[in-house]
file entry.cif (mmCIF, C-alpha atoms and all ligand atoms)
data_target
loop_
_atom_site.label_atom_id
_atom_site.label_comp_id
_atom_site.auth_asym_id
_atom_site.auth_seq_id
_atom_site.Cartn_x
_atom_site.Cartn_y
_atom_site.Cartn_z
CA MET A 1 -41.74 -208.05 280.88
CA ASN A 2 -38.72 -206.58 279.13
CA THR A 3 -35.72 -206.72 281.42
CA ALA A 4 -33.23 -207.49 278.67
CA GLY A 5 -31.88 -203.96 278.51
CA THR A 6 -30.56 -203.72 282.05
CA CYS A 7 -28.33 -205.49 284.54
CA SER A 8 -27.46 -204.98 288.21
CA GLN A 9 -23.84 -204.38 289.16
CA PRO A 10 -21.88 -202.52 291.86
CA SER A 11 -22.56 -198.77 291.71
CA PRO A 12 -20.38 -195.81 292.70
CA ILE A 13 -23.53 -194.29 294.25
CA SER A 14 -24.72 -197.06 296.57
CA GLY A 15 -24.68 -200.86 296.70
CA LEU A 16 -25.85 -202.40 293.48
CA GLY A 17 -27.09 -200.13 290.72
CA LEU A 18 -29.14 -200.67 287.58
CA PHE A 19 -27.11 -200.29 284.37
CA ALA A 20 -28.11 -200.08 280.71
CA THR A 21 -26.92 -202.98 278.58
CA HIS A 22 -28.10 -201.23 275.42
CA PRO A 23 -28.91 -197.59 274.63
CA PHE A 24 -32.32 -196.10 275.49
CA ALA A 25 -33.93 -193.12 273.77
CA ALA A 26 -35.62 -190.43 275.85
CA GLY A 27 -39.17 -191.56 276.56
CA GLU A 28 -38.41 -195.25 276.17
CA ARG A 29 -39.52 -197.65 278.90
CA ILE A 30 -36.54 -199.27 280.64
CA ALA A 31 -37.96 -201.72 283.18
CA ALA A 32 -41.06 -202.31 285.25
CA TYR A 33 -40.82 -201.27 288.91
CA SER A 34 -43.07 -203.82 290.55
CA GLY A 35 -44.17 -204.75 294.04
CA PRO A 36 -47.14 -204.75 296.39
CA LEU A 37 -49.23 -201.57 296.65
CA THR A 38 -50.37 -200.07 299.93
CA ASP A 39 -52.31 -197.00 300.98
CA VAL A 40 -50.46 -196.91 304.31
CA PRO A 41 -47.01 -195.28 304.20
CA PRO A 42 -44.52 -198.12 304.77
CA THR A 43 -42.08 -197.62 307.62
CA THR A 44 -39.05 -199.47 308.86
CA ARG A 45 -38.53 -200.39 312.51
CA ASP A 46 -36.75 -197.09 313.24
CA GLY A 47 -39.66 -195.10 311.77
CA SER A 48 -37.91 -194.03 308.58
CA THR A 49 -39.16 -194.77 305.08
CA PRO A 50 -37.65 -197.88 303.48
CA VAL A 51 -35.67 -196.87 300.44
CA TYR A 52 -37.67 -199.10 298.06
CA ALA A 53 -41.05 -197.70 299.10
CA LEU A 54 -42.15 -195.04 296.62
CA GLU A 55 -45.27 -192.91 296.59
CA VAL A 56 -46.41 -193.55 293.01
CA SER A 57 -49.52 -191.38 293.24
CA PRO A 58 -50.89 -189.31 296.12
CA GLY A 59 -51.57 -191.67 299.05
CA LEU A 60 -50.46 -194.81 297.19
CA TRP A 61 -47.12 -196.48 297.90
CA LEU A 62 -45.37 -199.20 295.96
CA ASP A 63 -43.03 -201.46 297.90
CA GLY A 64 -40.32 -202.22 295.38
CA SER A 65 -38.28 -204.43 297.70
CA PRO A 66 -39.26 -207.93 296.36
CA ALA A 67 -36.33 -209.67 294.71
CA ASP A 68 -38.33 -210.16 291.51
CA ASN A 69 -38.67 -206.39 290.97
CA PRO A 70 -36.27 -206.02 288.03
CA ALA A 71 -35.68 -202.32 288.71
CA ARG A 72 -35.20 -202.46 292.50
CA HIS A 73 -31.48 -201.67 292.27
CA ALA A 74 -31.99 -198.37 290.44
CA ASN A 75 -30.42 -195.66 292.61
CA HIS A 76 -31.64 -192.16 293.32
CA SER A 77 -29.79 -189.27 291.71
CA CYS A 78 -30.25 -185.53 292.05
CA GLN A 79 -29.61 -185.35 288.26
CA PRO A 80 -31.38 -188.52 287.10
CA ASN A 81 -31.59 -189.87 283.56
CA ALA A 82 -34.89 -191.70 284.12
CA GLU A 83 -38.18 -191.18 285.87
CA LEU A 84 -40.66 -193.53 287.47
CA ILE A 85 -44.02 -193.21 285.72
CA TRP A 86 -47.15 -194.67 287.26
CA HIS A 87 -49.52 -196.08 284.63
CA GLY A 88 -52.21 -197.32 287.02
CA PRO A 89 -52.75 -200.66 288.79
CA THR A 90 -52.89 -202.75 285.59
CA GLU A 91 -49.68 -201.63 283.93
CA GLY A 92 -47.94 -200.57 287.14
CA ALA A 93 -44.91 -198.31 287.43
CA TRP A 94 -42.21 -198.11 284.76
CA LEU A 95 -38.76 -196.66 284.85
CA THR A 96 -38.68 -194.54 281.71
CA ALA A 97 -35.70 -192.74 280.18
CA SER A 98 -35.98 -188.96 280.61
CA HIS A 99 -32.72 -188.39 278.69
CA PRO A 100 -30.88 -190.53 276.12
CA ILE A 101 -29.03 -193.28 278.04
CA ALA A 102 -25.89 -194.83 276.57
CA LYS A 103 -24.98 -198.49 276.94
CA GLY A 104 -23.15 -198.99 280.25
CA MET A 105 -24.58 -195.91 281.98
CA GLU A 106 -26.13 -196.23 285.42
CA ILE A 107 -29.90 -195.68 285.36
CA THR A 108 -31.09 -193.33 288.11
CA PHE A 109 -34.32 -191.59 289.02
CA ASP A 110 -35.71 -189.20 291.61
CA TYR A 111 -37.07 -191.21 294.57
CA GLY A 112 -39.34 -188.25 295.34
CA PHE A 113 -38.86 -188.39 299.10
CA SER A 114 -40.43 -185.79 301.39
CA LEU A 115 -38.36 -183.42 303.53
CA ALA A 116 -38.96 -185.57 306.64
CA GLU A 117 -37.99 -188.76 304.79
CA SER A 118 -34.88 -187.16 303.32
CA LEU A 119 -33.35 -186.46 306.73
CA PHE A 120 -32.71 -190.21 307.15
CA GLN A 121 -31.36 -190.72 303.62
CA PRO A 122 -27.98 -189.25 302.66
CA CYS A 123 -27.39 -188.99 298.90
CA ARG A 124 -24.04 -189.82 297.34
CA CYS A 125 -25.06 -189.48 293.69
CA GLY A 126 -22.00 -187.34 292.95
CA SER A 127 -23.81 -184.96 290.60
CA PRO A 128 -22.87 -181.24 290.77
CA GLU A 129 -26.51 -180.60 291.72
CA CYS A 130 -26.48 -183.08 294.63
CA ALA A 131 -28.61 -181.90 297.56
CA GLY A 132 -26.79 -184.21 300.00
CA ARG A 133 -30.03 -186.01 300.86
CA ILE A 134 -32.42 -188.16 298.83
CA ILE A 135 -35.31 -185.74 298.33
CA ALA A 136 -37.81 -184.86 295.60
CA ALA A 137 -36.45 -182.18 293.25
CA PRO A 138 -39.18 -179.59 294.04
CA LEU A 139 -38.33 -179.82 297.77
CA ARG A 140 -34.57 -179.22 297.45
CA PRO A 141 -34.73 -175.46 298.13
CA ALA A 142 -36.66 -176.18 301.36
CA LEU A 143 -34.04 -178.77 302.36
CA ARG A 144 -31.21 -176.29 301.74
CA ARG A 145 -32.98 -173.72 303.97
CA HIS A 146 -33.53 -176.36 306.66
CA LEU A 147 -29.88 -177.45 306.66
CA ARG A 148 -28.63 -173.86 306.67
CA PHE A 149 -30.72 -172.96 309.72
CA SER A 150 -29.96 -176.15 311.65
CA ARG A 151 -26.17 -175.99 311.11
CA PRO A 152 -24.25 -175.01 314.28
CA ARG A 153 -22.74 -171.51 314.03
CA ASP A 154 -19.12 -170.91 314.85
ZN ZN A 201 -27.55 -186.47 295.12
#
call {"tool": "encode", "arguments": {"input": "entry.cif", "output": "structure tokens"}}
result
Amino acid sequence: MNTAGTCSQPSPISGLGLFATHPFAAGERIAAYSGPLTDVPPTTRDGSTPVYALEVSPGLWLDGSPADNPARHANHSCQPNAELIWHGPTEGAWLTASHPIAKGMEITFDYGFSLAESLFQPCRCGSPECAGRIIAAPLRPALRRHLRFSRPRD
């Protein structure tokens, strides 16, 4: 497993982040995102989705929380430079560069959370496109409508 190209260090987005220690070309695999698979959506004690649990294909979740998952510190961004690609149970999920990534850049991807999940997960990615919550890109217009209608009027 190639983990030589990344390291974990404090991130301006949240906690520890995953950073490139050498450049990656678009389309290049960065690190495996490994952990147990489950067909039951994982939940935390308060009923929200744990941040490391990702739906890698419809109805299949990967729990990326084990300490030996080399990519577990990769943060969500609303303008990510990588994507998580599911290659099936044998190869697993791989963080793959979606844009050229320079040495030293933080590696981010779209956690793909649902609207309900996003309400528990504020996003501080700092990108101009930030939706304010961790939510799958296609759902961001729905989130913006939801927040507009639920905001108290003055
Ligand atoms: Zn964001």
call {"tool": "residues_around", "arguments": {"input": "entry.cif", "residues": "A:Glu106", "least_positions_apart": "5", "cutoff": "7 Å", "atoms": "only C-alpha atoms", "output": "PyMOL selection string"}}
result
chain A and resi 17-20
call {"tool": "atom_distance", "arguments": {"input": "entry.cif", "atom1": "atom CA of A:Ser8", "atom2": "atom CA of A:Gly104"}}
result
10.9 Å
call {"tool": "residues_near_ligand", "arguments": {"input": "entry.cif", "ligand": "ligand ZN 201 (chain A)", "cutoff": "7 Å", "atoms": "only C-alpha atoms and all ligand atoms", "output": "list in words"}}
result
Ser77, Cys78, Cys123, Arg124, Cys125, Gly126, Ser127, Glu129, Cys130, Ala131, Gly132, Arg133 and Ile134 of chain A
call {"tool": "atom_distance", "arguments": {"input": "entry.cif", "atom1": "atom CA of A:Asp63", "atom2": "atom CA of A:Asp110"}}
result
15.6 Å
call {"tool": "residues_around", "arguments": {"input": "entry.cif", "residues": "stretch 89-96 of chain A", "least_positions_apart": "3", "cutoff": "6 Å", "atoms": "only C-alpha atoms", "output": "ChimeraX atom specification"}}
result
/A:27-33,82-86
call {"tool": "decode", "arguments": {"input": "entry.cif", "residues": "stretch 61-72 of chain A", "atoms": "N, CA and C atoms", "output": "PDB file, in the first residue's frame"}}
result
ATOM      1  N   TRP A  61     -21.576   1.137   3.237  1.00  0.00           N
ATOM      2  CA  TRP A  61     -20.791   2.134   3.958  1.00  0.00           C
ATOM      3  C   TRP A  61     -19.434   1.573   4.334  1.00  0.00           C
ATOM      4  N   LEU A  62     -18.445   2.454   4.300  1.00  0.00           N
ATOM      5  CA  LEU A  62     -17.102   2.102   4.716  1.00  0.00           C
ATOM      6  C   LEU A  62     -16.806   2.923   5.963  1.00  0.00           C
ATOM      7  N   ASP A  63     -16.424   2.237   7.024  1.00  0.00           N
ATOM      8  CA  ASP A  63     -16.063   2.926   8.265  1.00  0.00           C
ATOM      9  C   ASP A  63     -14.554   3.175   8.236  1.00  0.00           C
ATOM     10  N   GLY A  64     -14.193   4.400   7.949  1.00  0.00           N
ATOM     11  CA  GLY A  64     -12.778   4.731   7.782  1.00  0.00           C
ATOM     12  C   GLY A  64     -12.074   5.104   9.069  1.00  0.00           C
ATOM     13  N   SER A  65     -12.717   4.845  10.218  1.00  0.00           N
ATOM     14  CA  SER A  65     -12.151   5.337  11.480  1.00  0.00           C
ATOM     15  C   SER A  65     -10.936   4.562  12.011  1.00  0.00           C
ATOM     16  N   PRO A  66     -10.684   3.292  11.609  1.00  0.00           N
ATOM     17  CA  PRO A  66      -9.516   2.598  12.191  1.00  0.00           C
ATOM     18  C   PRO A  66      -8.218   3.375  12.001  1.00  0.00           C
ATOM     19  N   ALA A  67      -7.373   3.316  13.012  1.00  0.00           N
ATOM     20  CA  ALA A  67      -6.132   4.094  12.999  1.00  0.00           C
ATOM     21  C   ALA A  67      -5.209   3.688  11.857  1.00  0.00           C
ATOM     22  N   ASP A  68      -5.377   2.470  11.328  1.00  0.00           N
ATOM     23  CA  ASP A  68      -4.490   2.052  10.240  1.00  0.00           C
ATOM     24  C   ASP A  68      -5.030   2.435   8.861  1.00  0.00           C
ATOM     25  N   ASN A  69      -6.121   3.203   8.813  1.00  0.00           N
ATOM     26  CA  ASN A  69      -6.569   3.764   7.530  1.00  0.00           C
ATOM     27  C   ASN A  69      -5.676   4.962   7.203  1.00  0.00           C
ATOM     28  N   PRO A  70      -4.805   4.835   6.198  1.00  0.00           N
ATOM     29  CA  PRO A  70      -3.826   5.904   5.969  1.00  0.00           C
ATOM     30  C   PRO A  70      -4.459   7.226   5.559  1.00  0.00           C
ATOM     31  N   ALA A  71      -5.690   7.172   5.062  1.00  0.00           N
ATOM     32  CA  ALA A  71      -6.306   8.399   4.523  1.00  0.00           C
ATOM     33  C   ALA A  71      -7.364   8.978   5.451  1.00  0.00           C
ATOM     34  N   ARG A  72      -7.470   8.447   6.704  1.00  0.00           N
ATOM     35  CA  ARG A  72      -8.585   8.842   7.558  1.00  0.00           C
ATOM     36  C   ARG A  72      -8.578  10.324   7.901  1.00  0.00           C
TER      37      ARG A  72
END
